[in-house]
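Structure below is target.cif: mmCIF, C-alpha atoms.
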data_run
loop_
_atom_site.label_atom_id
_atom_site.label_comp_id
_atom_site.auth_asym_id
_atom_site.auth_seq_id
_atom_site.Cartn_x
_atom_site.Cartn_y
_atom_site.Cartn_z
CA MET A 836 0.00 0.00 0.00
CA SER A 837 1.33 3.43 -0.94
CA SER A 838 1.91 5.96 1.82
CA THR A 839 1.82 9.70 1.24
CA LEU A 840 2.50 12.59 3.55
CA GLN A 841 2.33 16.27 2.81
CA ALA A 842 4.82 18.19 4.91
CA SER A 843 3.12 21.24 6.31
CA ALA A 844 4.55 24.74 6.29
CA SER A 845 4.13 24.89 10.05
CA ALA A 846 6.65 22.07 10.40
CA GLY A 847 9.25 24.27 8.73
CA SER A 848 9.29 22.12 5.61
CA PRO A 849 11.14 23.41 2.54
CA SER A 850 9.79 20.50 0.45
CA ARG A 851 7.71 21.30 -2.62
CA HIS A 852 5.91 17.99 -3.01
CA ALA A 853 4.43 15.23 -0.89
CA PHE A 854 6.36 12.32 0.53
CA GLN A 855 5.46 9.09 -1.22
CA THR A 856 6.53 5.50 -0.67
CA ASP A 857 5.38 1.95 -1.27
CA ASP A 858 7.37 0.76 1.75
CA ALA A 859 4.98 0.65 4.70
CA ARG A 860 7.89 0.85 7.15
CA LEU A 861 8.76 4.37 6.02
CA GLY A 862 5.37 6.00 6.66
CA PRO A 863 5.73 6.23 10.47
CA ILE A 864 9.35 7.34 10.05
CA ALA A 865 8.26 10.13 7.74
CA GLU A 866 5.75 11.35 10.32
CA LYS A 867 8.53 11.52 12.91
CA VAL A 868 10.90 13.33 10.56
CA VAL A 869 8.35 16.00 9.65
CA ALA A 870 7.46 16.44 13.33
CA GLN A 871 11.18 16.71 14.17
CA GLU A 872 11.03 13.70 16.48
CA ARG A 873 14.08 11.53 17.12
CA LEU A 874 14.33 8.26 15.21
CA SER A 875 14.82 5.01 17.11
CA PHE A 876 17.26 2.14 16.59
CA GLU A 877 14.45 0.23 14.87
CA ASP A 878 13.79 3.19 12.58
CA GLY A 879 17.45 3.15 11.56
CA LEU A 880 17.23 -0.53 10.68
CA ALA A 881 14.10 0.09 8.63
CA LEU A 882 15.88 2.82 6.67
CA TYR A 883 18.85 0.59 5.88
CA ARG A 884 16.61 -2.30 4.87
CA SER A 885 14.33 -0.27 2.63
CA GLN A 886 15.03 -0.21 -1.09
CA ASP A 887 13.01 2.98 -1.64
CA ILE A 888 16.03 5.24 -1.98
CA LEU A 889 13.98 8.13 -3.34
CA ALA A 890 11.71 8.13 -0.30
CA ILE A 891 14.69 7.94 2.05
CA GLY A 892 16.30 10.73 0.06
CA TRP A 893 13.16 12.86 0.34
CA LEU A 894 13.29 12.55 4.11
CA ALA A 895 17.01 13.29 4.34
CA ASN A 896 16.69 16.22 1.97
CA HIS A 897 13.78 17.53 4.02
CA VAL A 898 16.00 17.64 7.11
CA ARG A 899 18.96 19.02 5.18
CA GLU A 900 16.93 21.88 3.68
CA ARG A 901 15.21 22.58 6.99
CA MET A 902 18.65 23.07 8.54
CA TRP A 903 20.64 24.66 5.73
CA GLY A 904 18.29 25.52 2.86
CA ASN A 905 20.23 25.44 -0.41
CA THR A 906 23.59 26.24 1.16
CA THR A 907 26.40 23.78 0.54
CA PHE A 908 29.70 24.25 2.34
CA PHE A 909 33.24 23.59 1.19
CA ASN A 910 36.69 24.70 2.28
CA VAL A 911 40.15 25.25 0.84
CA ASN A 912 42.29 22.80 2.73
CA ARG A 913 45.47 20.79 2.43
CA HIS A 914 46.08 17.26 3.73
CA ILE A 915 49.42 16.53 5.39
CA ASN A 916 50.34 12.95 6.29
CA PRO A 917 53.66 13.29 8.19
CA THR A 918 54.37 9.54 8.32
CA ASN A 919 52.92 6.28 7.10
CA VAL A 920 54.99 4.18 9.52
CA CYS A 921 52.55 2.39 11.81
CA VAL A 922 52.78 -0.23 14.53
CA ALA A 923 49.25 -1.37 13.76
CA ALA A 924 48.46 -3.86 11.03
CA CYS A 925 44.80 -3.12 10.41
CA ARG A 926 43.27 -5.23 7.68
CA LEU A 927 41.31 -2.23 6.43
CA CYS A 928 44.43 -0.17 5.70
CA ALA A 929 46.60 0.22 2.60
CA PHE A 930 48.39 3.30 3.92
CA GLY A 931 50.44 2.07 6.88
CA ARG A 932 53.92 0.55 6.54
CA LYS A 933 56.24 -1.14 8.97
CA LYS A 934 59.46 0.72 9.70
CA ASP A 935 62.27 0.04 7.20
CA THR A 936 59.96 -1.56 4.63
CA GLU A 937 59.53 -0.41 1.05
CA GLY A 938 57.40 2.69 0.77
CA ALA A 939 57.74 3.70 4.43
CA TYR A 940 58.40 7.39 5.01
CA THR A 941 58.62 9.90 7.83
CA MET A 942 58.88 13.61 7.14
CA ALA A 943 61.50 15.66 8.88
CA LEU A 944 59.92 18.72 10.46
CA GLU A 945 61.29 21.04 7.78
CA GLU A 946 59.89 18.72 5.12
CA ALA A 947 56.46 18.75 6.74
CA TRP A 948 56.48 22.53 6.97
CA GLN A 949 57.56 22.77 3.32
CA THR A 950 54.79 20.36 2.31
CA ALA A 951 52.34 22.70 4.01
CA ALA A 952 53.81 25.70 2.24
CA SER A 953 53.57 24.03 -1.18
CA GLY A 954 49.79 24.14 -1.04
CA TYR A 955 49.48 27.57 0.50
CA SER A 956 49.30 29.63 -2.69
CA GLU A 957 45.53 29.23 -2.86
CA ALA A 958 45.08 30.77 0.58
CA VAL A 959 44.44 27.54 2.44
CA THR A 960 42.31 27.93 5.57
CA GLU A 961 42.90 24.43 7.02
CA PHE A 962 45.66 21.87 7.35
CA HIS A 963 44.24 18.37 7.88
CA ILE A 964 46.98 16.34 9.59
CA VAL A 965 46.82 12.57 10.19
CA GLY A 966 49.36 9.78 9.96
CA GLY A 967 50.50 6.38 11.17
CA LEU A 968 51.25 5.26 14.72
CA HIS A 969 55.03 5.60 14.59
CA PRO A 970 56.86 3.45 17.17
CA ASP A 971 59.84 5.79 17.59
CA LEU A 972 58.80 9.40 17.05
CA PRO A 973 58.68 11.20 20.41
CA PHE A 974 55.67 13.23 21.47
CA GLN A 975 57.83 16.33 21.14
CA TYR A 976 58.02 15.76 17.36
CA PHE A 977 54.27 16.27 17.08
CA LEU A 978 54.25 19.27 19.40
CA ASP A 979 57.07 20.84 17.36
CA LEU A 980 55.29 20.01 14.10
CA ILE A 981 52.15 21.81 15.23
CA ALA A 982 53.97 24.75 16.81
CA GLY A 983 56.04 25.21 13.65
CA LEU A 984 52.96 25.20 11.44
CA LYS A 985 51.18 27.68 13.69
CA GLU A 986 54.21 29.98 13.68
CA ARG A 987 54.53 29.88 9.88
CA PHE A 988 50.82 29.93 9.04
CA PRO A 989 49.05 31.68 11.93
CA GLN A 990 45.81 32.14 9.98
CA VAL A 991 45.46 28.45 9.10
CA HIS A 992 43.28 26.22 11.27
CA LEU A 993 45.12 23.05 12.35
CA LYS A 994 42.81 20.03 12.36
CA ALA A 995 45.17 17.36 13.57
CA PHE A 996 45.36 13.81 14.95
CA THR A 997 42.57 11.27 15.20
CA MET A 998 41.38 9.87 18.52
CA VAL A 999 43.47 6.79 17.73
CA GLU A 1000 46.62 8.88 17.30
CA VAL A 1001 45.92 10.86 20.47
CA ALA A 1002 45.50 7.68 22.51
CA PHE A 1003 48.71 6.23 21.05
CA LEU A 1004 50.69 9.41 21.78
CA ALA A 1005 49.35 9.44 25.33
CA LYS A 1006 50.42 5.85 25.90
CA ARG A 1007 53.91 6.40 24.51
CA ALA A 1008 54.41 9.63 26.45
CA LYS A 1009 52.96 8.08 29.64
CA LEU A 1010 50.41 10.87 29.88
CA THR A 1011 46.67 10.88 30.41
CA ILE A 1012 44.44 11.51 27.42
CA ARG A 1013 43.48 14.86 28.91
CA ASP A 1014 47.11 15.95 29.44
CA THR A 1015 47.99 14.86 25.91
CA LEU A 1016 45.13 16.84 24.41
CA GLU A 1017 45.90 19.88 26.56
CA ARG A 1018 49.51 19.89 25.33
CA LEU A 1019 48.47 19.48 21.72
CA LYS A 1020 45.99 22.30 22.11
CA SER A 1021 48.64 24.53 23.69
CA ALA A 1022 51.00 23.77 20.78
CA GLY A 1023 48.36 24.95 18.30
CA VAL A 1024 45.90 22.15 17.51
CA ASP A 1025 42.55 23.83 16.84
CA SER A 1026 40.30 20.79 16.30
CA LEU A 1027 40.43 17.06 15.61
CA PRO A 1028 39.44 15.02 12.56
CA GLY A 1029 37.03 12.14 12.99
CA GLY A 1030 38.98 9.19 11.62
CA GLY A 1031 39.65 5.89 13.34
CA ALA A 1032 36.10 5.36 14.56
CA GLU A 1033 35.55 2.71 11.86
CA ILE A 1034 32.70 0.63 13.36
CA PHE A 1035 32.35 0.54 17.14
CA ASN A 1036 31.15 -3.05 17.37
CA GLU A 1037 33.95 -5.16 18.84
CA ARG A 1038 33.21 -8.23 16.71
CA VAL A 1039 33.81 -6.11 13.62
CA ARG A 1040 36.86 -4.33 15.05
CA ARG A 1041 38.55 -7.66 15.75
CA VAL A 1042 38.41 -8.35 12.01
CA ILE A 1043 39.25 -4.96 10.51
CA CYS A 1044 41.30 -3.03 13.10
CA ASP A 1045 42.17 -5.17 16.11
CA HIS A 1046 45.34 -3.14 16.75
CA LYS A 1047 43.43 0.08 17.42
CA ILE A 1048 41.74 1.38 20.53
CA ASP A 1049 38.24 0.01 20.99
CA GLY A 1050 35.02 1.89 20.32
CA ASP A 1051 34.53 2.97 23.93
CA GLN A 1052 38.07 4.40 24.07
CA TRP A 1053 37.47 6.32 20.83
CA LEU A 1054 34.32 7.85 22.28
CA GLN A 1055 36.02 8.62 25.61
CA THR A 1056 38.89 10.38 23.83
CA ALA A 1057 36.42 12.43 21.79
CA GLN A 1058 34.51 13.31 24.95
CA ILE A 1059 37.63 14.64 26.65
CA ALA A 1060 38.59 16.63 23.55
CA HIS A 1061 35.16 18.25 23.54
CA GLU A 1062 35.36 18.95 27.27
CA ILE A 1063 38.56 20.98 26.85
CA GLY A 1064 37.09 22.99 24.00
CA LEU A 1065 38.30 21.12 20.92
CA LYS A 1066 35.65 20.45 18.30
CA SER A 1067 35.96 17.33 16.17
CA ASN A 1068 34.37 15.44 13.33
CA CYS A 1069 33.04 11.91 13.55
CA THR A 1070 33.10 9.13 10.99
CA MET A 1071 31.90 5.65 10.17
CA LEU A 1072 33.67 3.23 7.84
CA TYR A 1073 31.08 1.13 6.04
CA GLY A 1074 30.94 -1.48 3.31
CA HIS A 1075 33.24 -4.22 4.70
CA VAL A 1076 32.19 -6.92 7.20
CA GLU A 1077 29.69 -4.93 9.26
CA ASN A 1078 25.94 -5.48 9.15
CA GLU A 1079 23.00 -3.08 9.37
CA GLU A 1080 22.70 -3.45 13.15
CA ASP A 1081 26.38 -2.50 13.52
CA ARG A 1082 25.84 0.66 11.48
CA VAL A 1083 22.81 1.76 13.47
CA ASP A 1084 24.58 1.01 16.76
CA HIS A 1085 27.48 3.18 15.61
CA LEU A 1086 25.22 6.11 14.74
CA VAL A 1087 23.25 5.85 17.98
CA ARG A 1088 26.45 5.86 20.06
CA LEU A 1089 27.74 8.94 18.23
CA ARG A 1090 24.40 10.63 18.79
CA ALA A 1091 24.47 9.83 22.50
CA LEU A 1092 27.90 11.42 22.95
CA GLN A 1093 26.78 14.44 20.96
CA ASP A 1094 23.88 14.84 23.38
CA GLN A 1095 26.46 15.10 26.16
CA THR A 1096 29.09 17.33 24.60
CA GLY A 1097 27.82 18.98 21.41
CA GLY A 1098 31.40 18.73 20.14
CA PHE A 1099 30.90 16.96 16.82
CA GLN A 1100 30.68 19.39 13.92
CA THR A 1101 30.35 17.02 11.00
CA PHE A 1102 29.59 13.36 10.32
CA ILE A 1103 31.54 11.82 7.45
CA PRO A 1104 30.51 8.40 6.13
CA LEU A 1105 33.64 6.73 4.73
CA ALA A 1106 33.21 4.08 2.05
CA PHE A 1107 35.63 1.18 2.47
CA HIS A 1108 38.14 0.83 -0.37
CA PRO A 1109 39.38 -2.78 -0.35
CA ASP A 1110 42.10 -2.49 -3.00
CA ASN A 1111 45.64 -3.11 -1.73
CA THR A 1112 44.38 -4.21 1.70
CA PRO A 1113 44.18 -7.71 3.26
CA LEU A 1114 40.42 -7.41 2.66
CA LYS A 1115 40.83 -6.92 -1.09
CA HIS A 1116 38.52 -9.88 -1.74
CA LEU A 1117 35.56 -7.82 -0.57
CA PRO A 1118 33.46 -5.97 -3.16
CA LYS A 1119 33.50 -2.19 -3.33
CA THR A 1120 30.51 -0.24 -2.14
CA THR A 1121 27.79 0.54 -4.65
CA GLY A 1122 26.50 3.99 -5.48
CA MET A 1123 23.17 3.03 -3.92
CA LEU A 1124 24.79 2.19 -0.57
CA ASP A 1125 26.92 5.34 -0.65
CA ILE A 1126 23.89 7.56 -1.16
CA LYS A 1127 21.81 5.65 1.40
CA GLN A 1128 24.58 6.01 4.00
CA ILE A 1129 24.60 9.79 3.54
CA ALA A 1130 20.82 9.90 3.92
CA VAL A 1131 20.58 7.62 6.95
CA GLY A 1132 23.38 9.57 8.64
CA ARG A 1133 21.41 12.80 8.19
CA LEU A 1134 18.23 11.25 9.55
CA MET A 1135 19.69 9.47 12.57
CA LEU A 1136 22.17 12.15 13.67
CA ASP A 1137 19.63 14.85 14.40
CA ASN A 1138 22.06 16.67 16.72
CA VAL A 1139 25.12 16.78 14.44
CA PRO A 1140 25.01 19.97 12.36
CA HIS A 1141 26.66 18.84 9.13
CA ILE A 1142 26.84 15.75 6.91
CA LYS A 1143 29.82 15.60 4.56
CA ALA A 1144 29.95 13.87 1.19
CA TYR A 1145 33.68 13.24 1.00
CA TRP A 1146 34.24 13.45 -2.73
CA GLN A 1147 37.71 11.86 -2.55
CA MET A 1148 36.11 8.55 -1.62
CA LEU A 1149 32.68 8.77 -3.22
CA THR A 1150 33.81 10.31 -6.52
CA ALA A 1151 32.80 13.85 -7.32
CA LYS A 1152 29.68 12.66 -9.18
CA ILE A 1153 28.22 10.64 -6.29
CA ALA A 1154 29.14 13.42 -3.85
CA GLN A 1155 27.29 15.91 -6.04
CA ILE A 1156 24.15 13.75 -6.09
CA SER A 1157 24.42 13.37 -2.31
CA LEU A 1158 23.67 17.07 -1.98
CA ARG A 1159 20.05 16.05 -2.67
CA PHE A 1160 20.19 13.12 -0.25
CA GLY A 1161 21.14 14.84 3.01
CA ALA A 1162 24.69 16.13 2.55
CA ASP A 1163 25.42 19.84 3.00
CA ASP A 1164 29.24 19.74 2.75
CA LEU A 1165 31.65 18.54 0.04
CA ASP A 1166 34.89 18.79 2.08
CA GLY A 1167 37.53 20.81 0.28
CA THR A 1168 40.31 21.16 -2.25
CA VAL A 1169 42.54 18.69 -0.31
CA VAL A 1170 45.57 19.24 -2.66
CA GLU A 1171 47.08 15.85 -1.80
CA GLU A 1172 45.51 12.83 -0.14
CA LYS A 1173 47.41 9.59 0.47
CA ILE A 1174 45.36 7.29 2.68
CA TYR A 1175 42.49 6.47 0.31
CA HIS A 1176 44.57 6.71 -2.82
CA ASP A 1177 46.88 4.04 -1.41
CA ALA A 1178 43.70 1.94 -1.06
CA GLY A 1179 42.90 2.35 -4.73
CA ALA A 1180 40.87 5.55 -4.92
CA THR A 1181 40.92 6.80 -8.51
CA THR A 1182 39.66 10.31 -7.82
CA PRO A 1183 42.03 13.24 -8.41
CA GLN A 1184 44.45 14.10 -5.60
CA GLY A 1185 42.94 17.56 -5.34
CA MET A 1186 40.27 19.81 -6.80
CA ARG A 1187 40.30 23.51 -7.51
CA ARG A 1188 37.88 25.80 -5.70
CA GLN A 1189 36.19 26.76 -8.97
CA GLU A 1190 35.43 23.10 -9.78
CA LEU A 1191 33.90 22.50 -6.34
CA GLU A 1192 31.70 25.55 -6.84
CA ARG A 1193 30.61 24.29 -10.27
CA LEU A 1194 29.62 20.90 -8.85
CA ILE A 1195 27.57 22.57 -6.14
CA ARG A 1196 25.81 25.00 -8.48
CA GLU A 1197 24.93 22.29 -10.98
CA ALA A 1198 23.25 20.41 -8.12
CA GLY A 1199 21.01 23.46 -7.63
CA ARG A 1200 22.77 24.47 -4.42
CA VAL A 1201 24.53 27.66 -3.35
CA PRO A 1202 28.27 27.24 -2.61
CA VAL A 1203 29.56 28.85 0.58
CA GLU A 1204 33.25 28.64 1.37
CA ARG A 1205 33.77 28.04 5.09
CA ASP A 1206 36.60 27.68 7.54
CA THR A 1207 36.87 24.58 9.74
CA LEU A 1208 34.40 26.03 12.26
CA TYR A 1209 31.87 26.75 9.50
CA ARG A 1210 32.36 30.49 9.49
CA PRO A 1211 31.99 32.05 6.02
CA VAL A 1212 35.23 32.93 4.23
CA MET A 1213 35.36 36.08 2.13
CA ARG A 1214 38.06 36.09 -0.57
CA THR A 1215 39.93 38.58 -2.65
CA GLU A 1216 42.49 37.67 -5.32
CA ASP A 1217 45.16 36.47 -2.90
CA SER A 1218 43.83 36.77 0.66
CA PHE A 1219 40.85 35.82 2.77
CA THR A 1220 38.99 36.99 5.83
CA VAL A 1221 36.80 34.91 8.11
CA ALA A 1222 33.47 36.19 9.39
CA VAL A 1223 33.58 35.84 13.19
#
Show me this structure written as structure tokens.
Amino acid sequence: MSSTLQASASAGSPSRHAFQTDDARLGPIAEKVVAQERLSFEDGLALYRSQDILAIGWLANHVRERMWGNTTFFNVNRHINPTNVCVAACRLCAFGRKKDTEGAYTMALEEAWQTAASGYSEAVTEFHIVGGLHPDLPFQYFLDLIAGLKERFPQVHLKAFTMVEVAFLAKRAKLTIRDTLERLKSAGVDSLPGGGAEIFNERVRRVICDHKIDGDQWLQTAQIAHEIGLKSNCTMLYGHVENEEDRVDHLVRLRALQDQTGGFQTFIPLAFHPDNTPLKHLPKTTGMLDIKQIAVGRLMLDNVPHIKAYWQMLTAKIAQISLRFGADDLDGTVVEEKIYHDAGATTPQGMRRQELERLIREAGRVPVERDTLYRPVMRTEDSFTVAV
């Protein structure tokens, strides 16, 4: 039986036509979405199990436009991966190398600072800094790296070190998580990326990333970061050995922490790329799953402001379509990205600002350049100012 629902103007709906579906499970969910009521675990499962992607997209787009209208955010950023040497041997990873093996590298501080400078001509507003869990680099290396970047590029926001990296640095330096984060913040870290969350379920983590901190430790590290004033992103790696219950559990646990801290700025679904990993026998994600994951993330994470379609992983075309399925952010210019390209990503290493704007406009959205904290960036030919 077909279900229809006309979103009323009083509910703040931007939608121009009625919700329609032949999936009876989606009717009650639609009523909740329009009434701005929180979705349950069971609702999340129903969304994942439904094949009516257009109805799910309608709901996600309804929330997206209620929150952000036609605005789509992007930033001009540069990725810096200071080392790929890693003590972990996660089966999901094609980036990490053991010390002294072929392809292993560690940047000297001057090299890292020069790498940052090489992408600075386009007035970068953010350096995104993540790397491997190096067994020998002292904590001071990372403090000096950040302090040197802040000294050389005082206007640039430093989004650095995943929860996994923070926990590893704390263990090696024999510090608490809080002390480690405080020292990183004092050195110049402005916020944290959201990587390393993968899937929180321990059964899954034992298969894909048994060398990393567990899900509870990831959430605890994020909580402490938020408590000391550091915003962060949050992520979920999907499309490997997890099931639908694992995905919903992951989203619900992120949502619960966000209720406590309000520190997550953006949720980024990350499609698993199996190439060049020990899990290379697994199939790649489909476009349908990629779009559904964006939409379900928008619907379940009612307290996380932004949903990012990370074009480096999704391809620019799928990311563009996602702007009608719940996403309001396309990430940025990136300049150089190693982690997913080592895993077989075939997207370009970087994208010019003008191309990002074209993708957004052709999706019927309005591009707004932002800084990491989602403040609008106003540009001239060779400089920028941030609206504060």
| field | Two-atom distance - atom CA of A:Leu861, atom CA of A:Val898 (Å) | value |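 A separation of 15.2 Å between them.
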| request: Identify which of the residues A:Pro1140, A:Ala1198, A:Ala859, A:Val999 lies closest to A:His1046, counting all atoms listed in the file when measuring atom-to-atom distances. | output: A:Val999
| task | List, as a PyMOL selection string, every residue that the PyMOL selection byres ((chain A and resi 862) around 12) selects in the file provided. | result | chain A and resi 836-841+853-861+863-869+878+881-882+885+887+890-891+894
| Answer key for the PyMOL selection byres ((chain A and resi 1000) around 10), residues as JSON, numbers by chain | {"A": [965, 966, 967, 968, 969, 995, 996, 997, 998, 999, 1001, 1002, 1003, 1004, 1005, 1006, 1030, 1031, 1047, 1048]}
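Interatomic distance, atom CA of A:Glu1190 to atom CA of A:Ile964: 23.5 Å.
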